[in-house]
Amino acid sequence: MLETIAGAQVARTPAEVRAWTATMRAAGKRTALVPTMGALHAGHMTLVDTARQHAGAVLVSIFVNPMQFGPKEDFSAYPRPFENDCALCAAKGVDLIYAPTPATMYPPGFQSHVEVEQLTQGLCGAARPTHFRGVTTVVMKLLNIALADVAVFGEKDYQQLQTLKRMALDLDHPTAILGAPIAREPDGLAMSSRNVYLSAAERQAAPAIVQSLRAAQARVRAGERDAARLVAEMSAAQSAAGGRIDYVQIVDPQTLQPLEMLERSARVIVATWFGRARLLDNMDLLI
Ligand code: PAF
C-alpha cells in the first residue's frame with residue numbers, strides 16, 4: 001500500500017513502483033524517473049520540470065545511497081529532511097516518490113556491482129575511488145525498478161551524467177538518460193544540497209568558482225587556447241577567494257580526457273572546497 005506523506009504518494013518497495021509504472025503505461029502515459037538523494041532544492045525542481053517535458057507521469061526517488069560515500073565522507077551528516085522533500089514534491093505535482101530503506105536496496109547477501117571503467121578514473125574518481133561504482137550500481141537498480149521511458153540527471157555532476165549515459169548504452173538499458181542544465185542561484189553559485197554546509201562568509205565567497213569559469217569562457221572567446229594557462233588562472237581566482245582546490249581540469253566533453261590545447265569542444269570541470277562543502281561546477285568553454 002502506498003503511503004501519503006505531506007501530500008505526496010510514497011512507495012517503499014520495487015513491487016509498488018513497478019505496479020505504478022504498469023498502471024501509468026496502461027493509461028497511455030510515458031514515465032520519467034528523477035533519481036535524487038533528497039534534501040531537495042530548486043535545482044531538483046528543474047530536473048522535475050525537464051522530466052515533465054518528456055513524460056506524463058513523474059517518479060522521484062529519494063535514497064541517500066551509502067555505497068557512493070567513502071569511509072571518511074559525509075554519509076551520516078548528509079541532510080535528510082524527508083517530510084519537507086515530500087511536501088516539495090507534492091507542491092510540484094510529482095506523481096510518486098520512491099523512498100526505499102538501505103535494507104531494501106542492499107539486502108543481506110548483496111554482492112553485485114556495475115562499473116564503468118574509463119570515464120570514472122579521473123576528476124572526482126581520482127579522489128573518490130569507490131564513488132562511481134556506488135552511483136552506477138544504485139542507478140542501474142533504480143532504472144530496473146522504475147522501467148521508465150526517461151531518467152533525468154543534472155549537468156552539475158557532469159562526470160556522473162556522462163558515466164550513466166555510457167552505462168545505459170553499454171548495457172542496453174531502454175531508459176533514455178537525459179541531462180538538465182545546471183540550476184544556479186542569482187549570484188551564479190550552482191545549486192547543491194551541500195551548499196547548506198557553507199557558513200555565511202563561505203557562501204559569499206563560493207561564487208568565485210562560477211566567476212572564474214565565466215572569466216575563462218571570455219578568455220577563450222578572446223582567443224586563448226592554452227589549457228594550462230586557463231587552469232592556472234581559474235585556480236588562482238578560486239584560491240584567492242578562500243577555496244581549496246580538489247581539481248580544475250579542461251577535458252574533452254565526451255571522453256573526459258584532459259586537453260592541452262582547446263580546439264573543437266572543451267569543458268572545464270571543477271571541484272573546490274569552501275569550508276566543509278566540496279562544490280562542483282562545469283561549463284562549456286568553446287561555444
Ligand atoms: O546525483 C545524485 O544525487 C546521486 O548521485 C544519484 C544519481 C541520485 C545516485 O544516488
# chains A, B, ... in the order shown; residues from 1 in each chain; ligands from 1

$ residues_around --residues "stretch 102-118 of chain A" --least-positions-apart "2" --cutoff "7 Å" --atoms "only C-alpha atoms" --output "list in words"
Pro100, Thr120, Gln121, Arg133, Thr136, Thr137, Thr163 and Met167 of chain A

$ residues_near_ligand --ligand "ligand 1" --cutoff "8 Å" --atoms "only C-alpha atoms and all ligand atoms" --output "count of residues only"
20

$ select_by_dssp --residues "stretch 95-239 of chain A" --states "alpha helix (DSSP H)" --output "PyMOL selection string"
chain A and resi 102-105+124-127+131-146+158-170+200-205+208-221+227-239

$ residues_around --residues "stretch 83-89 of chain A" --least-positions-apart "6" --cutoff "7 Å" --atoms "only C-alpha atoms" --output "PyMOL selection string"
chain A and resi 5-8+38-40

$ closest_residue --among "A:Leu262, A:Leu164, A:Ile269, A:Val210" --to "A:Leu189" --atoms "only C-alpha atoms"
A:Val210

$ select_by_dssp --residues "stretch 92-206 of chain A" --states "strand (DSSP E)" --output "MDAnalysis selection string"
chainID A and resid 96:98 150:154 176:180

$ write_last_selection --atoms "all heavy atoms" --output "compact mmCIF listing (two decimals), in the first residue's frame"
# COMPACT_ATOMS: atom_id res chain seq x y z
N LEU A 96 4.76 10.25 -7.97
CA LEU A 96 5.12 9.23 -6.98
C LEU A 96 6.55 9.46 -6.49
O LEU A 96 7.43 9.86 -7.28
CB LEU A 96 5.03 7.82 -7.61
CG LEU A 96 5.28 6.65 -6.66
CD1 LEU A 96 4.13 6.51 -5.65
CD2 LEU A 96 5.45 5.33 -7.42
N ILE A 97 6.77 9.21 -5.19
CA ILE A 97 8.12 9.20 -4.62
C ILE A 97 8.47 7.75 -4.32
O ILE A 97 7.63 7.00 -3.81
CB ILE A 97 8.17 10.03 -3.31
CG1 ILE A 97 7.96 11.51 -3.62
CG2 ILE A 97 9.49 9.83 -2.58
CD1 ILE A 97 7.80 12.39 -2.38
N TYR A 98 9.69 7.36 -4.65
CA TYR A 98 10.17 6.04 -4.23
C TYR A 98 11.24 6.27 -3.17
O TYR A 98 12.28 6.87 -3.45
CB TYR A 98 10.75 5.27 -5.41
CG TYR A 98 11.32 3.92 -5.03
CD1 TYR A 98 10.65 3.08 -4.14
CD2 TYR A 98 12.54 3.48 -5.56
CE1 TYR A 98 11.18 1.84 -3.78
CE2 TYR A 98 13.06 2.23 -5.22
CZ TYR A 98 12.38 1.43 -4.32
OH TYR A 98 12.90 0.20 -3.97
N VAL A 150 12.22 7.73 -19.56
CA VAL A 150 13.41 8.58 -19.47
C VAL A 150 13.83 8.71 -18.01
O VAL A 150 13.01 8.55 -17.09
CB VAL A 150 13.16 10.01 -20.04
CG1 VAL A 150 12.72 9.97 -21.49
CG2 VAL A 150 12.15 10.77 -19.21
N ALA A 151 15.11 9.01 -17.80
CA ALA A 151 15.61 9.35 -16.45
C ALA A 151 16.42 10.63 -16.59
O ALA A 151 17.17 10.79 -17.56
CB ALA A 151 16.47 8.22 -15.90
N VAL A 152 16.25 11.53 -15.63
CA VAL A 152 16.85 12.87 -15.74
C VAL A 152 17.89 13.10 -14.64
O VAL A 152 17.61 12.85 -13.46
CB VAL A 152 15.76 13.97 -15.65
CG1 VAL A 152 16.37 15.35 -15.83
CG2 VAL A 152 14.67 13.73 -16.69
N PHE A 153 19.06 13.59 -15.05
CA PHE A 153 20.17 13.87 -14.11
C PHE A 153 20.70 15.28 -14.40
O PHE A 153 20.69 15.73 -15.54
CB PHE A 153 21.30 12.86 -14.31
CG PHE A 153 20.88 11.44 -14.05
CD1 PHE A 153 20.29 10.70 -15.07
CD2 PHE A 153 21.02 10.87 -12.80
CE1 PHE A 153 19.86 9.39 -14.84
CE2 PHE A 153 20.60 9.56 -12.56
CZ PHE A 153 20.02 8.82 -13.58
N GLY A 154 21.21 15.93 -13.35
CA GLY A 154 21.71 17.30 -13.51
C GLY A 154 23.09 17.33 -14.15
O GLY A 154 23.94 16.48 -13.86
N ALA A 176 15.97 6.21 -21.62
CA ALA A 176 16.83 7.27 -22.18
C ALA A 176 17.37 8.13 -21.04
O ALA A 176 16.59 8.60 -20.19
CB ALA A 176 16.03 8.13 -23.15
N ILE A 177 18.69 8.35 -21.02
CA ILE A 177 19.32 9.16 -19.96
C ILE A 177 19.43 10.60 -20.46
O ILE A 177 20.10 10.86 -21.46
CB ILE A 177 20.73 8.62 -19.62
CG1 ILE A 177 20.69 7.12 -19.29
CG2 ILE A 177 21.37 9.43 -18.48
CD1 ILE A 177 19.92 6.75 -18.05
N LEU A 178 18.78 11.52 -19.75
CA LEU A 178 18.76 12.92 -20.19
C LEU A 178 19.48 13.80 -19.17
O LEU A 178 19.38 13.58 -17.96
CB LEU A 178 17.32 13.42 -20.30
CG LEU A 178 16.37 12.61 -21.19
CD1 LEU A 178 14.99 13.26 -21.19
CD2 LEU A 178 16.90 12.52 -22.61
N GLY A 179 20.16 14.82 -19.67
CA GLY A 179 20.80 15.80 -18.80
C GLY A 179 19.95 17.06 -18.72
O GLY A 179 19.27 17.41 -19.69
N ALA A 180 19.99 17.74 -17.57
CA ALA A 180 19.29 19.02 -17.43
C ALA A 180 20.32 20.07 -17.03
O ALA A 180 21.23 19.79 -16.22
CB ALA A 180 18.21 18.92 -16.35
